[in-house]
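For reference, the structure discussed in these notes is given below.
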Amino acid sequence: MGDNLVSVIEAQKVILAHVAIADGHLHQAEVNTAIAMAKEVPWMPRETPKSIRTQMRYLEKADVDAAIERVRTLPLAERVRTVKLMWVMALCDGELHPQEEIVIYEMADQLGVDRATVISVQPDF
């Protein structure tokens with residue numbers, strides 16, 4: 001697997017961890033969602049909930065600006081996909097915390113995804 005793809009996935013993981021923890025809590029539903037997302041990448045190792053929780057706590061401290069810069073280099077369709085994943089992470093615990101929404105809009109703006117697109121890809125809640 002190329003380093004380029006790995007660095008993109010790592011950057012997306014950092015972004016999603018920041019969304020998950022934006023409300024000040026890491027809920028079990030967010031851990032379960034991270035596990036489900038990891039299963040979508042066939043070559044990713046299978047993680048336990050405890051290891052995912054630990055990784056998300058670690059990733060929260062990672063450089064989100066560098067992660068955004070990395071994802072910003074992707075084609076628009078992939079950046080929009082990243083915004084969709086942010087919404088999924090924010091909504092998976094059954095509640096959209098105002099801070100999660102703020103973080104999504106701020107990061108989407110930094111990714112170069114316009115507000116209308118951010119709204120259009122938000123899943124029904």
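By convention in this document, the chains of the structure tokens carry letters A, B, ... by their order, each chain's residues are numbered from 1, and ligands are numbered from 1 in the order they are shown.
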
Excluding Gln28 in chain A and any residue of its chain fewer than 2 positions from it, enumerate the residues within 10 Å of it, using only C-alpha atoms, and give them as number ranges by chain. A: 25-26, 30-34, 49, 53, 92-93

Can you list every residue in range 7-121 of chain A that DSSP puts in alpha helix (DSSP H), as a count of residues only? 83

Which residue out of A:Ala116, A:Ile15, A:Ala22, A:Val8 has the minimum interatomic distance to Ile102 in chain A when only C-alpha atoms are used? A:Ala22

Restricting the calculation to only C-alpha atoms, which member of A:Thr82, A:Ser7, A:Gln55, A:Gln99 is positioned closest to Val118 in chain A?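 Closest to Val118 in chain A of all the choices is A:Thr82.
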